[in-house]
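Peer 1: Structure file start-v8.cif (mmCIF, N, CA and C atoms) right here:
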```cif
data_entry
loop_
_atom_site.label_atom_id
_atom_site.label_comp_id
_atom_site.auth_asym_id
_atom_site.auth_seq_id
_atom_site.Cartn_x
_atom_site.Cartn_y
_atom_site.Cartn_z
N MET K 1 19.50 13.50 -14.88
CA MET K 1 19.31 13.01 -13.54
C MET K 1 17.88 13.32 -13.10
N ASN K 2 17.19 12.33 -12.58
CA ASN K 2 15.83 12.54 -12.08
C ASN K 2 15.88 13.23 -10.74
N ARG K 3 14.95 14.12 -10.55
CA ARG K 3 14.89 14.91 -9.33
C ARG K 3 13.54 14.72 -8.65
N ILE K 4 13.54 14.72 -7.34
CA ILE K 4 12.30 14.72 -6.58
C ILE K 4 12.19 16.07 -5.88
N MET K 5 11.18 16.83 -6.27
CA MET K 5 10.95 18.13 -5.65
C MET K 5 9.97 17.94 -4.50
N LYS K 6 10.31 18.52 -3.37
CA LYS K 6 9.44 18.43 -2.20
C LYS K 6 8.75 19.77 -1.98
N ILE K 7 7.43 19.71 -1.95
CA ILE K 7 6.64 20.93 -1.82
C ILE K 7 5.79 20.87 -0.56
N ALA K 8 5.92 21.89 0.28
CA ALA K 8 5.06 22.04 1.44
C ALA K 8 3.83 22.83 1.00
N VAL K 9 2.67 22.23 1.14
CA VAL K 9 1.41 22.87 0.76
C VAL K 9 0.76 23.43 2.02
N ILE K 10 0.47 24.72 2.00
CA ILE K 10 -0.10 25.42 3.15
C ILE K 10 -1.57 25.70 2.86
N LEU K 11 -2.44 25.30 3.79
CA LEU K 11 -3.88 25.42 3.57
C LEU K 11 -4.58 25.64 4.90
N THR K 12 -5.62 26.44 4.91
CA THR K 12 -6.42 26.61 6.12
C THR K 12 -7.89 26.46 5.76
N CYS K 13 -8.68 26.02 6.74
CA CYS K 13 -10.10 25.83 6.47
C CYS K 13 -10.94 26.14 7.70
N PHE K 14 -12.17 26.50 7.44
CA PHE K 14 -13.16 26.67 8.49
C PHE K 14 -14.52 26.31 7.89
N ASN K 15 -15.01 25.13 8.26
CA ASN K 15 -16.33 24.65 7.82
C ASN K 15 -16.50 24.69 6.31
N ARG K 16 -15.50 24.15 5.63
CA ARG K 16 -15.55 24.05 4.16
C ARG K 16 -15.20 22.62 3.75
N LYS K 17 -15.83 21.66 4.41
CA LYS K 17 -15.47 20.26 4.20
C LYS K 17 -15.51 19.87 2.73
N ASP K 18 -16.62 20.12 2.06
CA ASP K 18 -16.74 19.71 0.65
C ASP K 18 -15.70 20.39 -0.23
N GLN K 19 -15.50 21.70 -0.02
CA GLN K 19 -14.53 22.44 -0.83
C GLN K 19 -13.11 21.96 -0.55
N THR K 20 -12.80 21.70 0.71
CA THR K 20 -11.46 21.26 1.07
C THR K 20 -11.17 19.88 0.50
N LEU K 21 -12.13 18.97 0.62
CA LEU K 21 -11.94 17.62 0.06
C LEU K 21 -11.80 17.67 -1.45
N SER K 22 -12.60 18.49 -2.10
CA SER K 22 -12.52 18.64 -3.56
C SER K 22 -11.18 19.23 -3.98
N CYS K 23 -10.73 20.23 -3.25
CA CYS K 23 -9.46 20.88 -3.55
C CYS K 23 -8.30 19.88 -3.44
N LEU K 24 -8.27 19.14 -2.35
CA LEU K 24 -7.18 18.18 -2.15
C LEU K 24 -7.26 17.03 -3.15
N THR K 25 -8.47 16.60 -3.47
CA THR K 25 -8.64 15.55 -4.48
C THR K 25 -8.05 16.01 -5.81
N SER K 26 -8.40 17.22 -6.22
CA SER K 26 -7.87 17.76 -7.48
C SER K 26 -6.36 17.90 -7.44
N LEU K 27 -5.84 18.37 -6.33
CA LEU K 27 -4.39 18.54 -6.18
C LEU K 27 -3.68 17.20 -6.36
N TYR K 28 -4.17 16.16 -5.70
CA TYR K 28 -3.52 14.86 -5.81
C TYR K 28 -3.72 14.22 -7.18
N GLN K 29 -4.83 14.50 -7.84
CA GLN K 29 -5.02 13.99 -9.21
C GLN K 29 -4.01 14.61 -10.16
N VAL K 30 -3.82 15.92 -10.06
CA VAL K 30 -2.83 16.61 -10.90
C VAL K 30 -1.43 16.09 -10.60
N LEU K 31 -1.14 15.88 -9.33
CA LEU K 31 0.16 15.35 -8.94
C LEU K 31 0.40 13.97 -9.57
N ASP K 32 -0.60 13.11 -9.52
CA ASP K 32 -0.46 11.77 -10.10
C ASP K 32 -0.18 11.84 -11.60
N VAL K 33 -0.90 12.70 -12.31
CA VAL K 33 -0.68 12.85 -13.75
C VAL K 33 0.73 13.36 -14.01
N TYR K 34 1.13 14.39 -13.29
CA TYR K 34 2.47 14.95 -13.47
C TYR K 34 3.54 13.89 -13.24
N ASN K 35 3.43 13.17 -12.13
CA ASN K 35 4.46 12.19 -11.78
C ASN K 35 4.51 11.02 -12.77
N LYS K 36 3.40 10.71 -13.42
CA LYS K 36 3.39 9.64 -14.42
C LYS K 36 4.00 10.09 -15.74
N GLN K 37 3.92 11.39 -16.02
CA GLN K 37 4.35 11.90 -17.32
C GLN K 37 5.76 12.49 -17.31
N ASN K 38 6.39 12.59 -16.17
CA ASN K 38 7.68 13.27 -16.08
C ASN K 38 8.70 12.42 -15.34
N ASP K 39 9.94 12.58 -15.74
CA ASP K 39 11.02 11.89 -15.04
C ASP K 39 11.24 12.50 -13.66
N ASP K 40 11.17 13.83 -13.59
CA ASP K 40 11.24 14.49 -12.29
C ASP K 40 9.92 14.26 -11.58
N LYS K 41 9.97 14.08 -10.29
CA LYS K 41 8.78 13.78 -9.50
C LYS K 41 8.56 14.87 -8.46
N ILE K 42 7.33 14.94 -7.98
CA ILE K 42 6.96 15.89 -6.93
C ILE K 42 6.37 15.10 -5.77
N ASP K 43 6.83 15.42 -4.57
CA ASP K 43 6.24 14.91 -3.34
C ASP K 43 5.58 16.09 -2.63
N LEU K 44 4.32 15.90 -2.21
CA LEU K 44 3.61 16.94 -1.50
C LEU K 44 3.50 16.60 -0.02
N PHE K 45 3.61 17.62 0.79
CA PHE K 45 3.44 17.50 2.24
C PHE K 45 2.49 18.63 2.64
N VAL K 46 1.28 18.28 3.02
CA VAL K 46 0.24 19.27 3.29
C VAL K 46 0.22 19.62 4.77
N TYR K 47 0.15 20.92 5.03
CA TYR K 47 -0.05 21.45 6.38
C TYR K 47 -1.39 22.18 6.36
N LEU K 48 -2.38 21.59 7.01
CA LEU K 48 -3.74 22.11 6.99
C LEU K 48 -4.12 22.60 8.38
N THR K 49 -4.47 23.87 8.48
CA THR K 49 -5.00 24.40 9.73
C THR K 49 -6.51 24.24 9.72
N ASP K 50 -7.03 23.47 10.67
CA ASP K 50 -8.46 23.34 10.91
C ASP K 50 -8.77 24.36 11.99
N ASP K 51 -9.33 25.48 11.59
CA ASP K 51 -9.53 26.59 12.53
C ASP K 51 -10.85 26.46 13.28
N GLY K 52 -11.00 25.35 13.98
CA GLY K 52 -12.19 25.15 14.81
C GLY K 52 -13.41 24.72 14.03
N CYS K 53 -13.22 23.97 12.97
CA CYS K 53 -14.35 23.52 12.15
C CYS K 53 -15.33 22.70 13.00
N THR K 54 -16.61 22.95 12.75
CA THR K 54 -17.65 22.15 13.41
C THR K 54 -18.31 21.18 12.44
N ASP K 55 -17.88 21.19 11.20
CA ASP K 55 -18.47 20.31 10.18
C ASP K 55 -17.64 19.06 9.93
N GLY K 56 -16.58 18.84 10.72
CA GLY K 56 -15.78 17.63 10.59
C GLY K 56 -14.77 17.66 9.46
N THR K 57 -14.37 18.83 9.01
CA THR K 57 -13.42 18.93 7.89
C THR K 57 -12.13 18.18 8.20
N GLY K 58 -11.53 18.44 9.34
CA GLY K 58 -10.26 17.80 9.68
C GLY K 58 -10.36 16.29 9.71
N ASP K 59 -11.43 15.78 10.32
CA ASP K 59 -11.62 14.33 10.39
C ASP K 59 -11.86 13.73 9.01
N ALA K 60 -12.60 14.44 8.18
CA ALA K 60 -12.85 13.96 6.81
C ALA K 60 -11.56 13.90 6.02
N VAL K 61 -10.71 14.90 6.17
CA VAL K 61 -9.42 14.90 5.47
C VAL K 61 -8.58 13.72 5.95
N LYS K 62 -8.54 13.48 7.25
CA LYS K 62 -7.79 12.33 7.79
C LYS K 62 -8.30 11.02 7.20
N THR K 63 -9.61 10.89 7.08
CA THR K 63 -10.21 9.66 6.58
C THR K 63 -9.97 9.49 5.08
N TYR K 64 -10.27 10.50 4.29
CA TYR K 64 -10.18 10.40 2.83
C TYR K 64 -8.75 10.33 2.33
N PHE K 65 -7.84 10.92 3.06
CA PHE K 65 -6.46 10.99 2.60
C PHE K 65 -5.51 10.34 3.60
N SER K 66 -5.92 9.23 4.16
CA SER K 66 -5.13 8.57 5.19
C SER K 66 -3.78 8.08 4.67
N ASP K 67 -3.66 7.92 3.36
CA ASP K 67 -2.41 7.44 2.77
C ASP K 67 -1.49 8.59 2.34
N LYS K 68 -1.89 9.82 2.61
CA LYS K 68 -1.11 10.99 2.20
C LYS K 68 -0.41 11.60 3.40
N ASP K 69 0.62 12.39 3.11
CA ASP K 69 1.38 13.06 4.17
C ASP K 69 0.72 14.41 4.46
N ILE K 70 -0.25 14.38 5.39
CA ILE K 70 -0.99 15.58 5.75
C ILE K 70 -0.90 15.78 7.26
N THR K 71 -0.45 16.97 7.64
CA THR K 71 -0.41 17.36 9.04
C THR K 71 -1.59 18.29 9.27
N ILE K 72 -2.47 17.90 10.18
CA ILE K 72 -3.62 18.73 10.50
C ILE K 72 -3.36 19.43 11.82
N LEU K 73 -3.41 20.74 11.76
CA LEU K 73 -3.16 21.57 12.94
C LEU K 73 -4.48 22.13 13.43
N GLN K 74 -4.66 22.17 14.73
CA GLN K 74 -5.89 22.70 15.30
C GLN K 74 -5.73 24.18 15.63
N GLY K 75 -6.59 24.98 15.02
CA GLY K 75 -6.60 26.42 15.30
C GLY K 75 -7.52 26.74 16.45
N THR K 76 -7.61 28.00 16.75
CA THR K 76 -8.39 28.48 17.88
C THR K 76 -9.83 28.80 17.51
N GLY K 77 -10.12 28.88 16.23
CA GLY K 77 -11.42 29.34 15.76
C GLY K 77 -11.41 30.83 15.49
N ASN K 78 -10.31 31.49 15.82
CA ASN K 78 -10.20 32.93 15.63
C ASN K 78 -9.03 33.32 14.73
N LEU K 79 -8.49 32.35 14.02
CA LEU K 79 -7.34 32.64 13.17
C LEU K 79 -7.74 33.24 11.83
N PHE K 80 -8.90 32.84 11.34
CA PHE K 80 -9.37 33.26 10.03
C PHE K 80 -8.35 32.79 8.97
N TRP K 81 -8.51 33.22 7.73
CA TRP K 81 -7.66 32.67 6.67
C TRP K 81 -6.19 33.03 6.86
N ALA K 82 -5.90 34.31 7.03
CA ALA K 82 -4.50 34.74 7.11
C ALA K 82 -3.81 34.16 8.34
N GLY K 83 -4.47 34.17 9.47
CA GLY K 83 -3.87 33.61 10.69
C GLY K 83 -3.65 32.11 10.58
N GLY K 84 -4.61 31.43 9.97
CA GLY K 84 -4.47 29.99 9.77
C GLY K 84 -3.33 29.64 8.83
N MET K 85 -3.15 30.47 7.80
CA MET K 85 -2.05 30.25 6.86
C MET K 85 -0.71 30.48 7.56
N ARG K 86 -0.61 31.55 8.34
CA ARG K 86 0.63 31.81 9.08
C ARG K 86 0.93 30.67 10.05
N PHE K 87 -0.11 30.16 10.73
CA PHE K 87 0.04 29.08 11.70
C PHE K 87 0.60 27.82 11.01
N ALA K 88 0.03 27.46 9.86
CA ALA K 88 0.49 26.28 9.12
C ALA K 88 1.89 26.50 8.55
N TRP K 89 2.15 27.70 8.07
CA TRP K 89 3.46 28.00 7.49
C TRP K 89 4.55 27.91 8.56
N LYS K 90 4.27 28.40 9.74
CA LYS K 90 5.25 28.30 10.83
C LYS K 90 5.57 26.85 11.13
N GLU K 91 4.58 25.99 11.07
CA GLU K 91 4.82 24.56 11.31
C GLU K 91 5.68 23.97 10.18
N ALA K 92 5.37 24.33 8.95
CA ALA K 92 6.16 23.84 7.82
C ALA K 92 7.60 24.34 7.88
N LEU K 93 7.79 25.56 8.36
CA LEU K 93 9.14 26.13 8.45
C LEU K 93 10.05 25.37 9.41
N LYS K 94 9.47 24.59 10.30
CA LYS K 94 10.29 23.79 11.22
C LYS K 94 11.14 22.79 10.45
N LYS K 95 10.72 22.45 9.24
CA LYS K 95 11.47 21.53 8.38
C LYS K 95 11.90 22.25 7.11
N HIS K 96 12.20 23.54 7.22
CA HIS K 96 12.46 24.37 6.04
C HIS K 96 13.54 23.82 5.13
N SER K 97 14.50 23.12 5.67
CA SER K 97 15.58 22.61 4.83
C SER K 97 15.12 21.47 3.92
N GLU K 98 13.93 20.92 4.17
CA GLU K 98 13.42 19.81 3.35
C GLU K 98 12.67 20.28 2.11
N TRP K 99 12.16 21.50 2.12
CA TRP K 99 11.27 21.94 1.04
C TRP K 99 12.00 22.68 -0.07
N ASP K 100 11.63 22.32 -1.27
CA ASP K 100 12.10 23.07 -2.44
C ASP K 100 11.20 24.27 -2.70
N PHE K 101 9.93 24.11 -2.39
CA PHE K 101 8.95 25.15 -2.63
C PHE K 101 7.87 25.11 -1.55
N TYR K 102 7.17 26.24 -1.44
CA TYR K 102 5.96 26.33 -0.62
C TYR K 102 4.82 26.69 -1.56
N LEU K 103 3.71 26.04 -1.40
CA LEU K 103 2.51 26.34 -2.18
C LEU K 103 1.41 26.77 -1.21
N LEU K 104 1.03 28.04 -1.28
CA LEU K 104 -0.07 28.54 -0.47
C LEU K 104 -1.33 28.32 -1.27
N LEU K 105 -2.23 27.53 -0.71
CA LEU K 105 -3.39 27.06 -1.46
C LEU K 105 -4.67 27.54 -0.78
N ASN K 106 -5.58 28.09 -1.58
CA ASN K 106 -6.88 28.51 -1.10
C ASN K 106 -7.92 27.63 -1.77
N ASP K 107 -8.64 26.86 -0.97
CA ASP K 107 -9.62 25.94 -1.57
C ASP K 107 -10.83 26.69 -2.08
#
```
As structure tokens, please, write out the structure in this file.
Peer 2:
Amino acid sequence: MNRIMKIAVILTCFNRKDQTLSCLTSLYQVLDVYNKQNDDKIDLFVYLTDDGCTDGTGDAVKTYFSDKDITILQGTGNLFWAGGMRFAWKEALKKHSEWDFYLLLND
């Protein structure tokens, strides 16, 4: 029986536009290869905390990945990595019954 695994990806950023775009690009490339080579499939749902970026990271992610399921959360600018991760994870937990796994990702 083919299975679809749903993974909530937790990510936070602060003025790391190039790194964040590269990270997500690589993640989706690996996902595409996996899904083409396996009967079981993976669906990703990204929760990204934009912790007050001034370099347009959140907007760039929206533009480059407009066809992906990405929720961009606005931080205060004072969350830093751990606070941003907790903030995004709390949002993902609202749909906890949907996820098979959580992936905490550091770009």
Peer 1: Mind giving me the axis-aligned box for range 94-107 of chain K with 3 Å on every side, centre plus edges in Å to one decimal, as lines of an AutoDock Vina configuration file?
Peer 2:
```
center_x = 2.4
center_y = 24.2
center_z = 4.3
size_x = 32.4
size_y = 14.7
size_z = 19.9
```
Peer 1: Please report the interatomic distance between atom N of Phe45 in chain K and atom C of Met85 in chain K in Å with one decimal.
Peer 2: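 A separation of 15.2 Å between them.
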Peer 1: Taking (-0.7, 30.5, 6.8) in the file's own coordinates, collect the residues within 9 Å, counting only C-alpha atoms, and hand them back as number ranges by chain.
Peer 2: K: 10-12, 48-49, 81-90, 104
Peer 1: Can you pull out every residue within 8 Å of Ile70 in chain K, counting only N, CA and C atoms, but drop anything in the same chain fewer than 6 positions away, and send it as a list of chain:residue names?
Peer 2: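 Final neighbour list, sorted by chain and number: K:Leu44, K:Phe45, K:Val46, K:Tyr47, K:Leu48, K:Val61, K:Lys62.
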Peer 1: Here is a test: counting all atoms listed in the file, which residue of K:Leu73, K:His96, K:Ser22, K:Asp107 is nearest to Asp50 in chain K?
Peer 2: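 So, comparing all the options, the nearest one is K:Leu73.
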Peer 1: Can you pull out every residue within 8 Å of Asp43 in chain K, counting only C-alpha atoms, but drop anything in the same chain fewer than 3 positions away, and send it as a PyMOL selection string?
Peer 2: chain K and resi 4-7
Peer 1: If you measure from atom C of Asp67 in chain K to atom N of Leu21 in chain K, what distance in Å do you get, rounded to one decimal?
Peer 2: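 So the answer is 15.0 Å.
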Peer 1: Find, counting only N, CA and C atoms, the residue in K:Glu98, K:Lys68, K:Asn106, K:Asp40 that gets nearest to Thr20 in chain K.
Peer 2: K:Asn106
Peer 1: Have a look at CA of Asp59 in chain K and CA of Ser97 in chain K and let me know their distance in Å, one decimal.
Peer 2: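 Spanning CA of Asp59 in chain K to CA of Ser97 in chain K is a straight-line distance of 29.0 Å.
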Peer 1: Just list the residues in chain K DSSP gives alpha helix (DSSP H) on the backbone, as a ChimeraX atom specification.
Peer 2: /K:17-37,57-64,80-93
Peer 1: Enumerate, as a JSON list (two decimals) with N, CA and C atoms, in the coordinates of the input, the residues matched when the PyMOL selection byres ((chain K and resi 53-57) around 6.5) is run on the file above.
Peer 2:
```
[["chain", "number", "residue", "atom", "x", "y", "z"],
["K", 13, "CYS", "N", -8.68, 26.02, 6.74],
["K", 13, "CYS", "CA", -10.10, 25.83, 6.47],
["K", 13, "CYS", "C", -10.94, 26.14, 7.70],
["K", 14, "PHE", "N", -12.17, 26.50, 7.44],
["K", 14, "PHE", "CA", -13.16, 26.67, 8.49],
["K", 14, "PHE", "C", -14.52, 26.31, 7.89],
["K", 15, "ASN", "N", -15.01, 25.13, 8.26],
["K", 15, "ASN", "CA", -16.33, 24.65, 7.82],
["K", 15, "ASN", "C", -16.50, 24.69, 6.31],
["K", 16, "ARG", "N", -15.50, 24.15, 5.63],
["K", 16, "ARG", "CA", -15.55, 24.05, 4.16],
["K", 16, "ARG", "C", -15.20, 22.62, 3.75],
["K", 17, "LYS", "N", -15.83, 21.66, 4.41],
["K", 17, "LYS", "CA", -15.47, 20.26, 4.20],
["K", 17, "LYS", "C", -15.51, 19.87, 2.73],
["K", 50, "ASP", "N", -7.03, 23.47, 10.67],
["K", 50, "ASP", "CA", -8.46, 23.34, 10.91],
["K", 50, "ASP", "C", -8.77, 24.36, 11.99],
["K", 51, "ASP", "N", -9.33, 25.48, 11.59],
["K", 51, "ASP", "CA", -9.53, 26.59, 12.53],
["K", 51, "ASP", "C", -10.85, 26.46, 13.28],
["K", 52, "GLY", "N", -11.00, 25.35, 13.98],
["K", 52, "GLY", "CA", -12.19, 25.15, 14.81],
["K", 52, "GLY", "C", -13.41, 24.72, 14.03],
["K", 58, "GLY", "N", -11.53, 18.44, 9.34],
["K", 58, "GLY", "CA", -10.26, 17.80, 9.68],
["K", 58, "GLY", "C", -10.36, 16.29, 9.71],
["K", 59, "ASP", "N", -11.43, 15.78, 10.32],
["K", 59, "ASP", "CA", -11.62, 14.33, 10.39],
["K", 59, "ASP", "C", -11.86, 13.73, 9.01],
["K", 60, "ALA", "N", -12.60, 14.44, 8.18],
["K", 60, "ALA", "CA", -12.85, 13.96, 6.81],
["K", 60, "ALA", "C", -11.56, 13.90, 6.02],
["K", 61, "VAL", "N", -10.71, 14.90, 6.17],
["K", 61, "VAL", "CA", -9.42, 14.90, 5.47],
["K", 61, "VAL", "C", -8.58, 13.72, 5.95],
["K", 62, "LYS", "N", -8.54, 13.48, 7.25],
["K", 62, "LYS", "CA", -7.79, 12.33, 7.79],
["K", 62, "LYS", "C", -8.30, 11.02, 7.20],
["K", 77, "GLY", "N", -10.12, 28.88, 16.23],
["K", 77, "GLY", "CA", -11.42, 29.34, 15.76],
["K", 77, "GLY", "C", -11.41, 30.83, 15.49]]
```
Peer 1: Which residue out of K:Val33, K:Ala8, K:Ile42, K:Cys23 has the minimum interatomic distance to Phe101 in chain K when only N, CA and C atoms are used?
Peer 2: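 With only N, CA and C atoms as the atom set, the closest residue is K:Ala8.
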Peer 1: Using the block above, I'd like range 67-78 of chain K written out, keeping all heavy atoms and formatting it as a tab-separated table (two decimals), in the first residue's frame.
Peer 2:
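This is the output file selection_29.tsv:
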```tsv
chain	number	residue	atom	x	y	z
K	67	ASP	N	4.15	28.18	-5.28
K	67	ASP	CA	3.40	26.96	-5.53
K	67	ASP	C	3.54	25.93	-4.40
K	67	ASP	O	3.00	24.83	-4.49
K	67	ASP	CB	3.84	26.33	-6.85
K	67	ASP	CG	5.30	25.90	-6.85
K	67	ASP	OD1	6.11	26.57	-6.15
K	67	ASP	OD2	5.64	24.94	-7.54
K	68	LYS	N	4.24	26.30	-3.34
K	68	LYS	CA	4.47	25.38	-2.22
K	68	LYS	C	3.61	25.76	-1.03
K	68	LYS	O	3.15	26.89	-0.91
K	68	LYS	CB	5.95	25.39	-1.81
K	68	LYS	CG	6.92	25.11	-2.95
K	68	LYS	CD	6.75	23.73	-3.52
K	68	LYS	CE	7.80	23.46	-4.58
K	68	LYS	NZ	7.53	22.28	-5.36
K	69	ASP	N	3.44	24.81	-0.13
K	69	ASP	CA	2.64	25.04	1.08
K	69	ASP	C	3.57	25.58	2.17
K	69	ASP	O	4.16	24.82	2.93
K	69	ASP	CB	1.97	23.75	1.53
K	69	ASP	CG	0.85	23.99	2.52
K	69	ASP	OD1	0.87	25.04	3.19
K	69	ASP	OD2	-0.04	23.15	2.62
K	70	ILE	N	3.71	26.91	2.19
K	70	ILE	CA	4.59	27.57	3.15
K	70	ILE	C	3.79	28.62	3.91
K	70	ILE	O	3.18	29.49	3.32
K	70	ILE	CB	5.80	28.23	2.46
K	70	ILE	CG1	6.64	27.18	1.73
K	70	ILE	CG2	6.65	28.98	3.49
K	70	ILE	CD1	7.84	27.73	0.99
K	71	THR	N	3.83	28.50	5.23
K	71	THR	CA	3.21	29.50	6.10
K	71	THR	C	4.33	30.37	6.65
K	71	THR	O	5.25	29.86	7.29
K	71	THR	CB	2.46	28.82	7.26
K	71	THR	OG1	1.42	28.00	6.72
K	71	THR	CG2	1.86	29.84	8.20
K	72	ILE	N	4.26	31.66	6.37
K	72	ILE	CA	5.27	32.58	6.86
K	72	ILE	C	4.69	33.34	8.04
K	72	ILE	O	3.65	34.00	7.92
K	72	ILE	CB	5.76	33.54	5.76
K	72	ILE	CG1	6.38	32.71	4.63
K	72	ILE	CG2	6.75	34.55	6.33
K	72	ILE	CD1	6.87	33.50	3.45
K	73	LEU	N	5.37	33.22	9.15
K	73	LEU	CA	4.94	33.86	10.40
K	73	LEU	C	5.85	35.06	10.66
K	73	LEU	O	7.06	34.97	10.46
K	73	LEU	CB	5.04	32.86	11.55
K	73	LEU	CG	4.33	31.54	11.32
K	73	LEU	CD1	4.80	30.49	12.29
K	73	LEU	CD2	2.83	31.75	11.43
K	74	GLN	N	5.28	36.14	11.12
K	74	GLN	CA	6.06	37.34	11.42
K	74	GLN	C	6.46	37.35	12.89
K	74	GLN	O	5.61	37.33	13.76
K	74	GLN	CB	5.26	38.60	11.08
K	74	GLN	CG	5.01	38.76	9.59
K	74	GLN	CD	6.29	38.79	8.77
K	74	GLN	OE1	7.22	39.52	9.08
K	74	GLN	NE2	6.34	37.97	7.74
K	75	GLY	N	7.76	37.39	13.11
K	75	GLY	CA	8.29	37.47	14.47
K	75	GLY	C	8.45	38.92	14.89
K	75	GLY	O	8.18	39.86	14.13
K	76	THR	N	8.93	39.09	16.08
K	76	THR	CA	9.07	40.41	16.68
K	76	THR	C	10.42	41.05	16.39
K	76	THR	O	10.62	42.23	16.64
K	76	THR	CB	8.93	40.31	18.21
K	76	THR	OG1	10.00	39.47	18.70
K	76	THR	CG2	7.59	39.73	18.60
K	77	GLY	N	11.37	40.27	15.90
K	77	GLY	CA	12.74	40.73	15.73
K	77	GLY	C	13.58	40.40	16.95
K	77	GLY	O	14.80	40.60	16.95
K	78	ASN	N	12.95	39.87	17.99
K	78	ASN	CA	13.65	39.53	19.22
K	78	ASN	C	13.53	38.06	19.58
K	78	ASN	O	13.80	37.68	20.71
K	78	ASN	CB	13.12	40.38	20.39
K	78	ASN	CG	13.43	41.84	20.20
K	78	ASN	OD1	14.55	42.20	19.89
K	78	ASN	ND2	12.42	42.68	20.34
```
